[in-house]
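coords22.cif follows; it contains mmCIF, C-alpha atoms.
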```
data_my_file
#
loop_
_atom_site.label_atom_id
_atom_site.label_comp_id
_atom_site.auth_asym_id
_atom_site.auth_seq_id
_atom_site.Cartn_x
_atom_site.Cartn_y
_atom_site.Cartn_z
CA MET K 1 -3.84 16.35 -22.51
CA SER K 2 -4.79 13.11 -20.76
CA GLY K 3 -2.86 9.89 -20.44
CA LYS K 4 -3.54 6.37 -19.22
CA TYR K 5 -1.92 5.49 -15.90
CA ILE K 6 -1.89 2.87 -13.18
CA VAL K 7 -2.08 4.37 -9.69
CA VAL K 8 -1.01 2.11 -6.79
CA PHE K 9 -1.57 3.13 -3.17
CA LYS K 10 0.51 2.18 -0.13
CA ASP K 11 -0.68 -0.81 1.91
CA HIS K 12 -1.76 1.28 4.91
CA VAL K 13 -4.18 3.44 2.88
CA PRO K 14 -7.82 2.43 3.54
CA GLN K 15 -10.01 1.39 0.61
CA SER K 16 -12.28 4.37 1.32
CA GLU K 17 -9.40 6.73 0.51
CA VAL K 18 -8.61 4.85 -2.73
CA ASP K 19 -12.30 5.19 -3.65
CA LYS K 20 -12.17 8.91 -2.87
CA TYR K 21 -9.25 9.50 -5.26
CA ALA K 22 -10.90 7.38 -7.96
CA SER K 23 -14.01 9.58 -7.65
CA GLU K 24 -11.84 12.70 -7.85
CA VAL K 25 -10.26 11.45 -11.08
CA ASN K 26 -13.74 11.13 -12.58
CA ALA K 27 -14.82 14.52 -11.20
CA ASN K 28 -11.76 16.20 -12.75
CA GLY K 29 -12.36 15.03 -16.30
CA GLY K 30 -10.70 11.63 -16.14
CA LYS K 31 -12.12 8.13 -16.31
CA VAL K 32 -11.32 5.20 -14.03
CA ASP K 33 -11.16 2.03 -16.13
CA GLN K 34 -10.22 -0.76 -13.71
CA ARG K 35 -10.11 -1.07 -9.92
CA TYR K 36 -7.54 -3.24 -8.16
CA ASP K 37 -8.13 -4.39 -4.60
CA SER K 38 -6.88 -7.94 -4.18
CA VAL K 39 -3.13 -8.06 -4.91
CA LEU K 40 -2.60 -4.30 -4.78
CA LYS K 41 -4.69 -1.23 -4.00
CA GLY K 42 -5.31 1.11 -6.86
CA PHE K 43 -6.83 1.69 -10.26
CA SER K 44 -6.06 2.31 -13.90
CA ALA K 45 -7.46 5.47 -15.39
CA THR K 46 -7.26 8.13 -18.03
CA ILE K 47 -6.07 11.11 -16.01
CA PRO K 48 -5.89 14.74 -17.17
CA GLU K 49 -2.41 16.20 -16.80
CA SER K 50 -3.59 18.87 -14.35
CA PHE K 51 -4.99 16.25 -11.94
CA LEU K 52 -2.03 13.92 -12.48
CA LEU K 53 0.19 16.59 -10.92
CA GLN K 54 -2.01 16.59 -7.80
CA LEU K 55 -1.80 12.80 -7.52
CA GLN K 56 1.97 12.86 -7.99
CA SER K 57 2.27 15.22 -5.02
CA LEU K 58 0.85 12.41 -2.82
CA GLN K 59 3.53 9.87 -3.74
CA SER K 60 5.50 10.10 -0.51
CA ASP K 61 2.64 9.44 1.95
CA THR K 62 -0.38 7.93 0.19
CA ILE K 63 0.53 6.72 -3.28
CA ASP K 64 3.23 4.09 -3.78
CA TYR K 65 3.68 4.76 -7.51
CA ILE K 66 2.06 6.04 -10.70
CA GLU K 67 3.16 4.62 -14.01
CA PRO K 68 1.96 4.85 -17.60
CA ASP K 69 -0.45 2.05 -18.51
CA SER K 70 0.84 0.05 -21.45
CA VAL K 71 0.61 -3.34 -23.09
CA VAL K 72 3.17 -5.89 -21.94
CA THR K 73 4.10 -8.77 -24.22
CA THR K 74 6.25 -11.86 -23.86
CA GLN K 75 8.14 -13.69 -26.55
#
```
Would you mind writing the structure in this file as structure tokens?
Amino acid sequence: MSGKYIVVFKDHVPQSEVDKYASEVNANGGKVDQRYDSVLKGFSATIPESFLLQLQSLQSDTIDYIEPDSVVTTQ
């Protein structure tokens, strides 16, 4: 099962490493939808559960946070 997530990397991580993980998402059956590189480093993607577990293991050193992608509304 795949889900949509936003993956944000720590400030010290070079863009080349962000690009590498985005490519790995695609190579493991996922699909990167948007890339973020101005305000924060990261991407939004549909990520298979098996690869999501690998990304979550990087949260202490490389990845700042991973959260479900959803629609935000205001009143």
Residue among K:Gly30, K:Leu53, K:Ser44, K:Leu58 lying closest to Ser70 in chain K, counting all atoms listed in the file: K:Ser44
Can you tell me, as JSON, the centre and edge lengths (Å, one decimal) of the axis-aligned box enclosing all of range 14-27 of chain K's listed atoms after padding each side by 6 Å?
```
{"center_x": -11.3, "center_y": 8.0, "center_z": -4.5, "size_x": 19.0, "size_y": 25.1, "size_z": 28.1}
```
Just say which residues the PyMOL selection byres ((chain K and resi 3) around 9) picks in this file, as a PDB file with C-alpha atoms, in the frame of the given file.
```
ATOM      1  CA  MET K   1      -3.840  16.350 -22.510  1.00  0.00           C
ATOM      2  CA  SER K   2      -4.790  13.110 -20.760  1.00  0.00           C
ATOM      3  CA  LYS K   4      -3.540   6.370 -19.220  1.00  0.00           C
ATOM      4  CA  TYR K   5      -1.920   5.490 -15.900  1.00  0.00           C
ATOM      5  CA  ALA K  45      -7.460   5.470 -15.390  1.00  0.00           C
ATOM      6  CA  THR K  46      -7.260   8.130 -18.030  1.00  0.00           C
ATOM      7  CA  ILE K  47      -6.070  11.110 -16.010  1.00  0.00           C
ATOM      8  CA  PRO K  48      -5.890  14.740 -17.170  1.00  0.00           C
ATOM      9  CA  GLU K  49      -2.410  16.200 -16.800  1.00  0.00           C
ATOM     10  CA  LEU K  52      -2.030  13.920 -12.480  1.00  0.00           C
ATOM     11  CA  PRO K  68       1.960   4.850 -17.600  1.00  0.00           C
ATOM     12  CA  ASP K  69      -0.450   2.050 -18.510  1.00  0.00           C
TER      13      ASP K  69
END
```
Among the residues K:Gln15, K:Glu67, K:Val72, K:Phe43, the one that comes closest to Lys31 in chain K [using all atoms listed in the file]: K:Phe43
Might you pull out every residue within 9 Å of Asp64 in chain K, with only C-alpha atoms counted and same-chain residues fewer than 6 positions away left off, and present them as an mmCIF file with C-alpha atoms, in the coordinates of the input?
```
data_model
loop_
_atom_site.group_PDB
_atom_site.id
_atom_site.type_symbol
_atom_site.label_atom_id
_atom_site.label_comp_id
_atom_site.auth_asym_id
_atom_site.auth_seq_id
_atom_site.Cartn_x
_atom_site.Cartn_y
_atom_site.Cartn_z
ATOM 1 C CA VAL K 7 -2.080 4.370 -9.690
ATOM 2 C CA VAL K 8 -1.010 2.110 -6.790
ATOM 3 C CA PHE K 9 -1.570 3.130 -3.170
ATOM 4 C CA LYS K 10 0.510 2.180 -0.130
ATOM 5 C CA ASP K 11 -0.680 -0.810 1.910
ATOM 6 C CA LEU K 58 0.850 12.410 -2.820
#
```
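Of the residues under consideration (K:Val25, K:Leu40, K:Phe51, K:Ser16), K:Leu40 shows the shortest atom-to-atom contact distance to Tyr65 in chain K when counting only C-alpha atoms.
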Which of K:Gln56, K:Thr73, K:Ala27, K:Gly42 sits closest to Val13 in chain K [using all atoms listed in the file]: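 Going through K:Gln56, K:Thr73, K:Ala27, K:Gly42 one by one, the smallest distance to Val13 in chain K is for K:Gly42.
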Counting only C-alpha atoms, the residue of K:Ser38, K:Leu55, K:Ser60, K:Ser50 that sits nearest Ala22 in chain K: K:Leu55
Separation of CA of Ser57 in chain K from CA of Val32 in chain K in Å: 19.1 Å
